[in-house]
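Text of input_30.cif (mmCIF, C-alpha atoms) as supplied:
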```
data_data
#
loop_
_atom_site.label_atom_id
_atom_site.label_comp_id
_atom_site.auth_asym_id
_atom_site.auth_seq_id
_atom_site.Cartn_x
_atom_site.Cartn_y
_atom_site.Cartn_z
CA MET R 1 77.29 83.10 110.24
CA THR R 2 80.29 84.26 108.25
CA ALA R 3 81.43 87.40 106.51
CA GLN R 4 84.06 85.60 104.46
CA PRO R 5 83.98 86.44 100.78
CA ARG R 6 82.78 83.68 98.53
CA THR R 7 83.49 85.30 95.19
CA PRO R 8 86.68 84.30 93.38
CA LEU R 9 89.83 86.29 93.89
CA ASP R 10 92.88 87.13 91.84
CA ALA R 11 95.45 85.48 94.13
CA LEU R 12 97.83 88.44 93.85
CA ASP R 13 95.06 90.69 95.20
CA ALA R 14 94.85 88.68 98.42
CA PRO R 15 96.30 90.71 101.29
CA PRO R 16 99.77 89.60 102.44
CA ARG R 17 100.15 88.33 105.98
CA MET R 18 101.38 91.37 107.85
CA ARG R 19 103.55 89.59 110.43
CA PRO R 20 106.60 88.68 108.33
CA SER R 21 107.82 85.65 110.30
CA ASN R 22 107.24 83.85 113.59
CA TYR R 23 110.91 82.95 113.92
CA PRO R 24 112.92 84.37 116.83
CA ALA R 25 114.92 87.41 115.72
CA PRO R 26 118.22 85.63 115.01
CA PHE R 27 116.46 83.48 112.41
CA ALA R 28 113.84 85.87 111.04
CA ALA R 29 116.44 87.69 108.95
CA LYS R 30 116.95 84.56 106.85
CA VAL R 31 113.43 84.81 105.46
CA ALA R 32 113.47 88.60 105.00
CA GLY R 33 111.50 89.72 101.97
CA ARG R 34 109.35 86.61 101.87
CA VAL R 35 105.68 87.51 101.28
CA LYS R 36 102.87 85.07 102.10
CA ARG R 37 99.32 85.64 100.91
CA PRO R 38 96.95 83.31 102.80
CA LEU R 39 94.45 82.29 100.12
CA GLY R 40 92.53 79.59 101.95
CA ASP R 41 91.96 81.86 104.95
CA ALA R 42 90.47 84.46 102.60
CA PHE R 43 87.63 82.04 101.92
CA GLY R 44 87.15 80.92 105.52
CA LEU R 45 88.91 77.56 105.12
CA THR R 46 90.24 76.12 108.37
CA LYS R 47 91.32 72.51 107.78
CA PHE R 48 94.23 73.33 105.51
CA GLY R 49 96.14 76.43 104.52
CA VAL R 50 96.99 77.56 100.99
CA ASN R 51 99.48 80.40 100.68
CA LEU R 52 100.73 82.20 97.60
CA THR R 53 104.33 82.86 98.60
CA THR R 54 106.85 85.13 96.88
CA LEU R 55 110.60 84.91 97.46
CA PRO R 56 112.84 87.77 96.40
CA PRO R 57 116.27 87.09 94.88
CA GLY R 58 118.32 85.60 97.71
CA GLY R 59 115.25 84.77 99.75
CA GLN R 60 114.25 81.49 101.27
CA SER R 61 110.97 79.84 102.24
CA ALA R 62 111.92 78.82 105.76
CA LEU R 63 114.81 77.40 107.72
CA LEU R 64 115.64 73.81 106.79
CA HIS R 65 112.87 71.95 108.65
CA ARG R 66 110.52 69.01 108.85
CA HIS R 67 107.13 68.69 110.50
CA SER R 68 106.17 65.89 112.87
CA ARG R 69 102.50 65.81 111.84
CA GLN R 70 101.81 68.31 109.10
CA GLU R 71 101.95 67.32 105.46
CA GLU R 72 103.17 69.95 103.03
CA PHE R 73 102.86 70.40 99.28
CA VAL R 74 104.48 72.99 97.00
CA TYR R 75 103.58 73.90 93.40
CA VAL R 76 105.89 76.36 91.62
CA LEU R 77 104.14 79.07 89.60
CA GLU R 78 107.04 81.32 88.58
CA GLY R 79 110.80 81.37 88.78
CA ALA R 80 113.40 78.74 89.53
CA PRO R 81 113.88 78.01 93.21
CA THR R 82 116.24 75.36 94.52
CA LEU R 83 114.75 72.74 96.79
CA ARG R 84 117.38 72.09 99.43
CA THR R 85 116.88 68.98 101.59
CA ASP R 86 118.96 66.86 103.90
CA ALA R 87 118.90 64.31 101.06
CA GLY R 88 120.25 66.63 98.37
CA GLU R 89 119.30 69.59 96.21
CA PHE R 90 116.81 69.69 93.34
CA PRO R 91 116.23 72.46 90.79
CA LEU R 92 112.57 73.48 90.43
CA GLY R 93 110.70 75.50 87.85
CA PRO R 94 107.16 76.50 86.88
CA GLY R 95 104.75 73.57 86.84
CA MET R 96 106.90 71.47 89.16
CA CYS R 97 105.66 70.21 92.49
CA VAL R 98 106.84 68.32 95.52
CA GLY R 99 105.14 66.91 98.60
CA PHE R 100 106.53 66.36 102.07
CA PRO R 101 104.98 63.67 104.26
CA ALA R 102 105.34 64.24 108.00
CA ASN R 103 108.69 63.18 109.46
CA GLY R 104 110.24 62.95 106.02
CA VAL R 105 113.25 64.77 104.66
CA ALA R 106 114.00 68.21 106.06
CA HIS R 107 113.60 70.83 103.36
CA HIS R 108 113.31 74.45 102.32
CA LEU R 109 113.31 76.48 99.10
CA ILE R 110 116.05 78.95 98.26
CA ASN R 111 115.92 81.54 95.52
CA ARG R 112 119.44 81.74 94.12
CA THR R 113 118.29 83.57 90.98
CA GLU R 114 117.93 87.27 90.16
CA ALA R 115 114.19 86.93 89.58
CA GLU R 116 111.27 86.53 91.96
CA VAL R 117 110.01 83.06 92.77
CA ARG R 118 106.32 82.42 93.33
CA TYR R 119 104.70 79.22 94.52
CA LEU R 120 101.64 77.79 96.21
CA GLU R 121 102.24 76.04 99.53
CA ILE R 122 99.61 73.84 101.11
CA GLY R 123 99.60 72.30 104.56
CA ASP R 124 97.07 70.73 106.86
CA ARG R 125 96.65 72.10 110.38
CA ASP R 126 97.45 69.66 113.11
CA PRO R 127 97.22 71.04 116.67
CA GLU R 128 100.01 68.72 117.82
CA ASP R 129 102.44 69.51 115.05
CA ARG R 130 106.08 70.17 115.85
CA GLY R 131 108.82 71.63 113.68
CA ASP R 132 112.38 70.31 113.76
CA TYR R 133 115.33 72.30 112.45
CA PRO R 134 118.38 70.09 111.89
CA GLU R 135 120.70 73.04 111.21
CA ASP R 136 119.54 75.46 113.90
CA ASP R 137 119.15 75.49 117.68
CA LEU R 138 115.39 75.69 117.34
CA VAL R 139 112.23 73.66 118.02
CA ALA R 140 108.71 74.81 117.14
CA VAL R 141 105.51 73.56 118.77
CA PHE R 142 102.14 74.46 117.30
CA SER R 143 99.35 75.56 119.63
CA ALA R 144 96.14 77.53 119.51
CA GLU R 145 98.26 80.67 119.87
CA GLY R 146 100.39 79.76 116.88
CA TRP R 147 103.97 78.53 116.76
CA ARG R 148 105.99 78.65 119.97
CA PHE R 149 109.78 78.45 119.59
CA THR R 150 112.39 77.22 122.01
CA ARG R 151 116.02 76.17 121.87
CA LYS R 152 116.62 72.44 121.56
CA ASP R 153 117.20 72.18 125.32
CA GLY R 154 113.68 73.59 125.87
CA THR R 155 114.76 77.03 127.05
CA PRO R 156 112.97 79.97 125.43
CA TRP R 157 114.42 82.19 122.75
CA MET E 1 108.45 51.97 105.04
CA THR E 2 107.42 53.67 101.84
CA ALA E 3 108.28 53.53 98.18
CA GLN E 4 106.76 56.92 97.43
CA PRO E 5 109.01 59.18 95.39
CA ARG E 6 110.40 62.17 97.20
CA THR E 7 112.02 63.93 94.29
CA PRO E 8 110.12 66.80 92.68
CA LEU E 9 107.88 66.11 89.73
CA ASP E 10 106.72 68.03 86.69
CA ALA E 11 103.00 68.02 87.49
CA LEU E 12 102.07 67.14 83.91
CA ASP E 13 104.24 64.02 84.18
CA ALA E 14 102.16 62.71 87.09
CA PRO E 15 100.06 59.75 85.93
CA PRO E 16 96.36 60.51 85.42
CA ARG E 17 93.85 58.72 87.58
CA MET E 18 92.74 55.85 85.37
CA ARG E 19 89.15 55.54 86.59
CA PRO E 20 87.52 58.52 84.85
CA SER E 21 84.65 59.17 87.29
CA ASN E 22 82.89 57.60 90.26
CA TYR E 23 79.51 58.92 89.17
CA PRO E 24 76.78 56.45 88.22
CA ALA E 25 76.59 56.04 84.44
CA PRO E 26 73.80 58.58 83.79
CA PHE E 27 75.99 61.31 85.29
CA ALA E 28 79.48 60.20 84.31
CA ALA E 29 78.97 61.44 80.75
CA LYS E 30 78.79 65.01 82.03
CA VAL E 31 82.42 64.93 83.11
CA ALA E 32 83.69 63.04 80.05
CA GLY E 33 87.17 64.11 79.02
CA ARG E 34 88.09 65.42 82.46
CA VAL E 35 91.60 64.28 83.45
CA LYS E 36 92.76 64.31 87.08
CA ARG E 37 96.39 63.88 88.04
CA PRO E 38 96.67 63.16 91.78
CA LEU E 39 99.77 65.09 92.79
CA GLY E 40 99.62 64.77 96.56
CA ASP E 41 99.15 61.00 96.33
CA ALA E 42 102.32 60.81 94.21
CA PHE E 43 104.28 61.94 97.27
CA GLY E 44 102.46 59.77 99.79
CA LEU E 45 100.31 62.54 101.25
CA THR E 46 97.13 61.30 102.92
CA LYS E 47 95.55 64.18 104.85
CA PHE E 48 94.62 66.25 101.81
CA GLY E 49 94.47 65.70 98.09
CA VAL E 50 95.95 67.95 95.40
CA ASN E 51 94.91 67.20 91.83
CA LEU E 52 96.01 68.80 88.59
CA THR E 53 92.79 68.68 86.62
CA THR E 54 92.29 69.35 82.91
CA LEU E 55 88.91 70.10 81.35
CA PRO E 56 88.46 69.84 77.59
CA PRO E 57 86.29 72.37 75.73
CA GLY E 58 82.73 71.70 76.89
CA GLY E 59 83.92 69.77 79.94
CA GLN E 60 83.01 70.28 83.54
CA SER E 61 84.68 69.60 86.88
CA ALA E 62 81.79 67.80 88.55
CA LEU E 63 78.04 67.98 88.91
CA LEU E 64 76.84 71.04 90.82
CA HIS E 65 77.58 69.95 94.39
CA ARG E 66 78.52 70.87 97.93
CA HIS E 67 80.33 68.83 100.59
CA SER E 68 79.06 68.42 104.14
CA ARG E 69 82.53 68.22 105.70
CA GLN E 70 85.24 68.63 103.09
CA GLU E 71 86.74 72.02 102.33
CA GLU E 72 87.77 72.64 98.74
CA PHE E 73 90.10 75.11 97.07
CA VAL E 74 90.71 75.78 93.37
CA TYR E 75 93.56 77.69 91.71
CA VAL E 76 93.32 78.25 87.94
CA LEU E 77 96.55 77.67 86.01
CA GLU E 78 95.38 77.92 82.39
CA GLY E 79 92.26 78.81 80.47
CA ALA E 80 89.04 80.54 81.40
CA PRO E 81 86.52 78.31 83.16
CA THR E 82 83.20 79.56 84.45
CA LEU E 83 82.48 78.98 88.12
CA ARG E 84 78.78 78.11 88.29
CA THR E 85 77.21 78.19 91.75
CA ASP E 86 73.71 78.27 93.20
CA ALA E 87 74.52 81.90 94.02
CA GLY E 88 75.49 82.96 90.49
CA GLU E 89 78.23 82.56 87.89
CA PHE E 90 81.76 83.96 87.98
CA PRO E 91 84.34 84.09 85.17
CA LEU E 92 87.76 82.73 86.17
CA GLY E 93 91.19 82.96 84.59
CA PRO E 94 94.83 82.11 85.29
CA GLY E 95 95.94 83.17 88.75
CA MET E 96 92.41 83.27 90.13
CA CYS E 97 91.31 81.15 93.05
CA VAL E 98 88.26 80.31 95.07
CA GLY E 99 87.63 78.33 98.25
CA PHE E 100 84.54 76.43 99.32
CA PRO E 101 83.89 75.93 103.03
CA ALA E 102 81.81 72.86 103.90
CA ASN E 103 78.05 73.34 103.52
CA GLY E 104 78.54 76.51 101.52
CA VAL E 105 77.34 77.32 98.05
CA ALA E 106 76.97 74.43 95.61
CA HIS E 107 79.44 74.80 92.76
CA HIS E 108 81.23 73.39 89.77
CA LEU E 109 83.49 74.62 86.97
CA ILE E 110 82.40 74.56 83.33
CA ASN E 111 84.68 75.07 80.35
CA ARG E 112 82.62 77.00 77.81
CA THR E 113 85.69 77.96 75.77
CA GLU E 114 87.46 76.29 72.84
CA ALA E 115 90.69 75.88 74.84
CA GLU E 116 91.67 73.49 77.58
CA VAL E 117 91.30 74.57 81.18
CA ARG E 118 93.80 73.48 83.82
CA TYR E 119 93.57 74.02 87.56
CA LEU E 120 94.75 72.71 90.90
CA GLU E 121 92.05 71.42 93.22
CA ILE E 122 92.73 70.79 96.88
CA GLY E 123 90.49 69.08 99.42
CA ASP E 124 90.89 67.57 102.85
CA ARG E 125 89.79 63.99 103.42
CA ASP E 126 87.01 63.58 105.94
CA PRO E 127 85.75 60.02 106.41
CA GLU E 128 82.24 61.28 107.17
CA ASP E 129 81.95 63.59 104.21
CA ARG E 130 78.79 63.62 102.13
CA GLY E 131 78.13 65.18 98.73
CA ASP E 132 74.84 66.91 97.93
CA TYR E 133 73.72 67.54 94.36
CA PRO E 134 70.94 70.14 94.22
CA GLU E 135 70.24 69.58 90.51
CA ASP E 136 70.45 65.79 90.35
CA ASP E 137 68.81 62.80 92.03
CA LEU E 138 72.06 61.86 93.70
CA VAL E 139 73.68 61.65 97.15
CA ALA E 140 77.31 60.64 97.76
CA VAL E 141 78.69 59.23 101.02
CA PHE E 142 82.43 58.88 101.51
CA SER E 143 83.76 55.66 103.05
CA ALA E 144 86.96 53.67 103.19
CA GLU E 145 85.95 52.14 99.85
CA GLY E 146 85.54 55.57 98.25
CA TRP E 147 82.38 57.39 97.26
CA ARG E 148 79.11 55.46 97.37
CA PHE E 149 76.21 56.94 95.41
CA THR E 150 72.48 56.57 95.95
CA ARG E 151 69.34 58.35 94.80
CA LYS E 152 67.97 60.94 97.19
CA ASP E 153 65.48 58.40 98.57
CA GLY E 154 68.42 56.17 99.55
CA THR E 155 67.90 53.53 96.85
CA PRO E 156 71.01 52.53 94.91
CA TRP E 157 71.83 53.66 91.42
#
```

So, in terms of structure tokens, how does the structure I just supplied come out?
Amino acid sequence: MTAQPRTPLDALDAPPRMRPSNYPAPFAAKVAGRVKRPLGDAFGLTKFGVNLTTLPPGGQSALLHRHSRQEEFVYVLEGAPTLRTDAGEFPLGPGMCVGFPANGVAHHLINRTEAEVRYLEIGDRDPEDRGDYPEDDLVAVFSAEGWRFTRKDGTPW
Amino acid sequence: MTAQPRTPLDALDAPPRMRPSNYPAPFAAKVAGRVKRPLGDAFGLTKFGVNLTTLPPGGQSALLHRHSRQEEFVYVLEGAPTLRTDAGEFPLGPGMCVGFPANGVAHHLINRTEAEVRYLEIGDRDPEDRGDYPEDDLVAVFSAEGWRFTRKDGTPW
């Protein structure tokens, strides 16, 4: 039924996602240089995603956001990102982890160091998920076609 | 509503699961020394589990098994476990990963080295999941009370 590989993979050999970001152009620049390697997809997994994500110096994981339905989990492999939330900032390092229940604190990771940051990010896939961006005029709704973005008043970007 | 911590955690500081294994006694000895730290649970996540699991020399992750519904993903952090499947064996090392779609190859990890092995294991939580054990007289059915084990003829252990 499936042509997905079943043999183990060096995670850094997984092909990066080619489309750099789904964000509308005014926001996409903020995550420039971010590289996501979808590891779960490489094995045909569909219920949750696991990405190996690399942030360059000055890079960030996403806009400050929270999900309405999706749960997220991050495990830091290399480097020292800052977790920035609407409840404060937290320094992270290798071996540290943090989970984000749905509708919890808004959050993103920022790399304020001169070295690359690398982490695993895990999230389930809920067809009715929605992304809220407290600092930006942006709303994201997840559908079969992927994320669809509008302004907060519902008008398209 | 919740008393779950939201601040990041050093994964090795997460408390280990106290109950060492759900397996019936004849099988539990095979996973002796295995330590699982539930990381996702520590942040109140419910849709998927993320464990930091440590295998001592000679230890193994589980009996050879496959899930009927649950997807699994493993990312090796330290050490050199062997992935043993019913389709062959594969050496693993730090930075390597493998995913297991439901009803795929049966699998487990064995630590044949003199050093500890440490990995992240991720799985979704499907209330109708079932575990099949090709090498053992065992069937596992997941319920609200956790895993329930029987022999293959349905009689209890």

Overlay target chain E, mobile chain R, all C-alpha paired in order, as a short mmCIF file (atom, residue, chain, number, x, y, z; two decimals) with C-alpha atoms, in the coordinates of the input:
```cif
data_model
loop_
_atom_site.label_atom_id
_atom_site.label_comp_id
_atom_site.auth_asym_id
_atom_site.auth_seq_id
_atom_site.Cartn_x
_atom_site.Cartn_y
_atom_site.Cartn_z
CA MET R 1 108.55 52.09 105.12
CA THR R 2 107.50 53.76 101.90
CA ALA R 3 108.37 53.55 98.24
CA GLN R 4 106.81 56.90 97.42
CA PRO R 5 109.03 59.16 95.37
CA ARG R 6 110.40 62.16 97.19
CA THR R 7 112.02 63.92 94.27
CA PRO R 8 110.12 66.79 92.65
CA LEU R 9 107.87 66.12 89.71
CA ASP R 10 106.72 68.03 86.67
CA ALA R 11 102.99 68.00 87.49
CA LEU R 12 102.06 67.14 83.90
CA ASP R 13 104.22 64.01 84.17
CA ALA R 14 102.14 62.70 87.08
CA PRO R 15 100.05 59.74 85.92
CA PRO R 16 96.34 60.51 85.41
CA ARG R 17 93.83 58.69 87.57
CA MET R 18 92.72 55.83 85.37
CA ARG R 19 89.13 55.54 86.61
CA PRO R 20 87.51 58.53 84.88
CA SER R 21 84.65 59.18 87.32
CA ASN R 22 82.89 57.59 90.28
CA TYR R 23 79.51 58.91 89.18
CA PRO R 24 76.77 56.44 88.21
CA ALA R 25 76.60 56.05 84.43
CA PRO R 26 73.81 58.57 83.78
CA PHE R 27 75.98 61.31 85.29
CA ALA R 28 79.48 60.19 84.31
CA ALA R 29 78.98 61.43 80.75
CA LYS R 30 78.79 65.01 82.02
CA VAL R 31 82.42 64.92 83.11
CA ALA R 32 83.69 63.04 80.04
CA GLY R 33 87.18 64.11 79.02
CA ARG R 34 88.08 65.42 82.46
CA VAL R 35 91.60 64.29 83.45
CA LYS R 36 92.75 64.32 87.09
CA ARG R 37 96.39 63.88 88.03
CA PRO R 38 96.65 63.15 91.78
CA LEU R 39 99.78 65.07 92.79
CA GLY R 40 99.61 64.74 96.56
CA ASP R 41 99.14 60.97 96.33
CA ALA R 42 102.30 60.79 94.21
CA PHE R 43 104.26 61.93 97.25
CA GLY R 44 102.45 59.74 99.77
CA LEU R 45 100.30 62.52 101.23
CA THR R 46 97.13 61.29 102.92
CA LYS R 47 95.55 64.17 104.85
CA PHE R 48 94.62 66.23 101.82
CA GLY R 49 94.47 65.69 98.08
CA VAL R 50 95.94 67.93 95.39
CA ASN R 51 94.90 67.19 91.82
CA LEU R 52 96.01 68.81 88.59
CA THR R 53 92.77 68.68 86.61
CA THR R 54 92.28 69.35 82.90
CA LEU R 55 88.90 70.11 81.34
CA PRO R 56 88.45 69.85 77.59
CA PRO R 57 86.29 72.37 75.72
CA GLY R 58 82.74 71.69 76.90
CA GLY R 59 83.92 69.77 79.93
CA GLN R 60 83.01 70.28 83.54
CA SER R 61 84.68 69.59 86.88
CA ALA R 62 81.79 67.80 88.55
CA LEU R 63 78.04 67.98 88.89
CA LEU R 64 76.84 71.03 90.81
CA HIS R 65 77.58 69.94 94.39
CA ARG R 66 78.54 70.86 97.92
CA HIS R 67 80.32 68.84 100.58
CA SER R 68 79.07 68.43 104.14
CA ARG R 69 82.54 68.22 105.70
CA GLN R 70 85.23 68.62 103.08
CA GLU R 71 86.73 72.00 102.32
CA GLU R 72 87.76 72.63 98.73
CA PHE R 73 90.09 75.11 97.07
CA VAL R 74 90.71 75.76 93.37
CA TYR R 75 93.56 77.69 91.72
CA VAL R 76 93.32 78.24 87.95
CA LEU R 77 96.55 77.67 86.02
CA GLU R 78 95.38 77.93 82.40
CA GLY R 79 92.26 78.81 80.48
CA ALA R 80 89.04 80.54 81.41
CA PRO R 81 86.53 78.32 83.17
CA THR R 82 83.20 79.56 84.46
CA LEU R 83 82.47 78.97 88.12
CA ARG R 84 78.79 78.10 88.29
CA THR R 85 77.19 78.17 91.75
CA ASP R 86 73.72 78.26 93.19
CA ALA R 87 74.53 81.90 94.02
CA GLY R 88 75.50 82.94 90.50
CA GLU R 89 78.22 82.56 87.90
CA PHE R 90 81.75 83.96 87.99
CA PRO R 91 84.33 84.09 85.19
CA LEU R 92 87.75 82.73 86.18
CA GLY R 93 91.17 82.95 84.61
CA PRO R 94 94.81 82.10 85.31
CA GLY R 95 95.95 83.17 88.76
CA MET R 96 92.42 83.27 90.15
CA CYS R 97 91.32 81.15 93.07
CA VAL R 98 88.26 80.30 95.08
CA GLY R 99 87.63 78.33 98.25
CA PHE R 100 84.54 76.42 99.32
CA PRO R 101 83.89 75.92 103.03
CA ALA R 102 81.81 72.86 103.89
CA ASN R 103 78.05 73.33 103.52
CA GLY R 104 78.53 76.50 101.53
CA VAL R 105 77.33 77.30 98.04
CA ALA R 106 76.97 74.43 95.61
CA HIS R 107 79.43 74.81 92.76
CA HIS R 108 81.23 73.37 89.77
CA LEU R 109 83.48 74.61 86.96
CA ILE R 110 82.41 74.56 83.33
CA ASN R 111 84.67 75.07 80.35
CA ARG R 112 82.62 77.00 77.81
CA THR R 113 85.70 77.97 75.79
CA GLU R 114 87.46 76.30 72.85
CA ALA R 115 90.68 75.89 74.83
CA GLU R 116 91.68 73.50 77.59
CA VAL R 117 91.30 74.58 81.19
CA ARG R 118 93.79 73.49 83.82
CA TYR R 119 93.58 74.02 87.56
CA LEU R 120 94.76 72.72 90.90
CA GLU R 121 92.05 71.41 93.23
CA ILE R 122 92.72 70.78 96.89
CA GLY R 123 90.50 69.07 99.42
CA ASP R 124 90.89 67.55 102.84
CA ARG R 125 89.78 63.96 103.41
CA ASP R 126 87.03 63.56 105.92
CA PRO R 127 85.74 59.99 106.41
CA GLU R 128 82.24 61.28 107.16
CA ASP R 129 81.95 63.59 104.20
CA ARG R 130 78.79 63.63 102.13
CA GLY R 131 78.13 65.18 98.73
CA ASP R 132 74.85 66.91 97.91
CA TYR R 133 73.72 67.56 94.35
CA PRO R 134 70.93 70.15 94.21
CA GLU R 135 70.25 69.58 90.50
CA ASP R 136 70.46 65.79 90.34
CA ASP R 137 68.81 62.80 92.02
CA LEU R 138 72.07 61.88 93.69
CA VAL R 139 73.69 61.67 97.14
CA ALA R 140 77.31 60.66 97.76
CA VAL R 141 78.68 59.26 101.01
CA PHE R 142 82.42 58.89 101.51
CA SER R 143 83.76 55.69 103.05
CA ALA R 144 86.96 53.71 103.19
CA GLU R 145 85.95 52.18 99.85
CA GLY R 146 85.54 55.58 98.24
CA TRP R 147 82.37 57.41 97.26
CA ARG R 148 79.11 55.48 97.39
CA PHE R 149 76.20 56.96 95.42
CA THR R 150 72.48 56.60 95.94
CA ARG R 151 69.34 58.35 94.79
CA LYS R 152 67.97 60.95 97.18
CA ASP R 153 65.46 58.43 98.56
CA GLY R 154 68.41 56.19 99.55
CA THR R 155 67.89 53.57 96.85
CA PRO R 156 71.01 52.55 94.92
CA TRP R 157 71.86 53.68 91.42
#
```

Original post:
Mind telling me what the PyMOL selection byres ((chain E) within 6 of (chain R)) catches here, as a list in words?
Top reply: Pro8, Leu9, Asp10, Ala11, Phe43, Leu45, Gly95, Met96, Cys97, Val98, Gly99 and Pro101 of chain E

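Across the model, the gap from CA of Ala106 in chain R to CA of Ala29 in chain R is 19.8 Å.
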
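Take the candidates R:Tyr23, R:Ala80, R:Arg17, R:Thr85 and check each one against Arg151 in chain R using only C-alpha atoms; the shortest distance goes to R:Tyr23.
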
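Coordinates place CA of Gly146 in chain R at a distance of 27.7 Å from CA of Glu128 in chain E.
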
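Taking CA of Ser68 in chain E as the reference point, CA of Ala140 in chain E is found at 10.2 Å.
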
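Nearest residue to Glu114 in chain E, choosing from E:Met18, E:Leu55, E:Trp157, E:Phe149 and counting all atoms listed in the file: E:Leu55.
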
**OP:** Name the residues in contact with Ala144 in chain E at a cut-off of 10 Å, using all atoms listed in the file, excluding same-chain residues fewer than 3 positions from it; report them as a PyMOL selection string.
**Re:** chain E and resi 127-128+147-148

**OP:** Go through R:His65, R:Arg84, R:Lys152, R:Arg34 one by one, measure the shortest atom-to-atom distance of each to Val117 in chain R using only C-alpha atoms, and give the residue with the smallest value.
**Re:** R:Arg34

Translate the PyMOL selection byres ((chain E and resi 56) around 9) into a concrete residue list for this structure, as a PDB file with C-alpha atoms, in the coordinates of the input.
```
ATOM      1  CA  ALA E  32      83.690  63.040  80.050  1.00  0.00           C
ATOM      2  CA  GLY E  33      87.170  64.110  79.020  1.00  0.00           C
ATOM      3  CA  ARG E  34      88.090  65.420  82.460  1.00  0.00           C
ATOM      4  CA  VAL E  35      91.600  64.280  83.450  1.00  0.00           C
ATOM      5  CA  THR E  54      92.290  69.350  82.910  1.00  0.00           C
ATOM      6  CA  LEU E  55      88.910  70.100  81.350  1.00  0.00           C
ATOM      7  CA  PRO E  57      86.290  72.370  75.730  1.00  0.00           C
ATOM      8  CA  GLY E  58      82.730  71.700  76.890  1.00  0.00           C
ATOM      9  CA  GLY E  59      83.920  69.770  79.940  1.00  0.00           C
ATOM     10  CA  GLN E  60      83.010  70.280  83.540  1.00  0.00           C
ATOM     11  CA  ASN E 111      84.680  75.070  80.350  1.00  0.00           C
ATOM     12  CA  THR E 113      85.690  77.960  75.770  1.00  0.00           C
ATOM     13  CA  GLU E 114      87.460  76.290  72.840  1.00  0.00           C
ATOM     14  CA  ALA E 115      90.690  75.880  74.840  1.00  0.00           C
ATOM     15  CA  GLU E 116      91.670  73.490  77.580  1.00  0.00           C
ATOM     16  CA  VAL E 117      91.300  74.570  81.180  1.00  0.00           C
ATOM     17  CA  ARG E 118      93.800  73.480  83.820  1.00  0.00           C
TER      18      ARG E 118
END
```

Original post:
Do you know which residues lie at most 12 Å from (74.7, 70.6, 92.3), with coordinates as in the file and all atoms listed in the file counted, and could you write them as a PyMOL selection string?
Top reply: chain E and resi 27+61-67+84-87+104-109+131-140
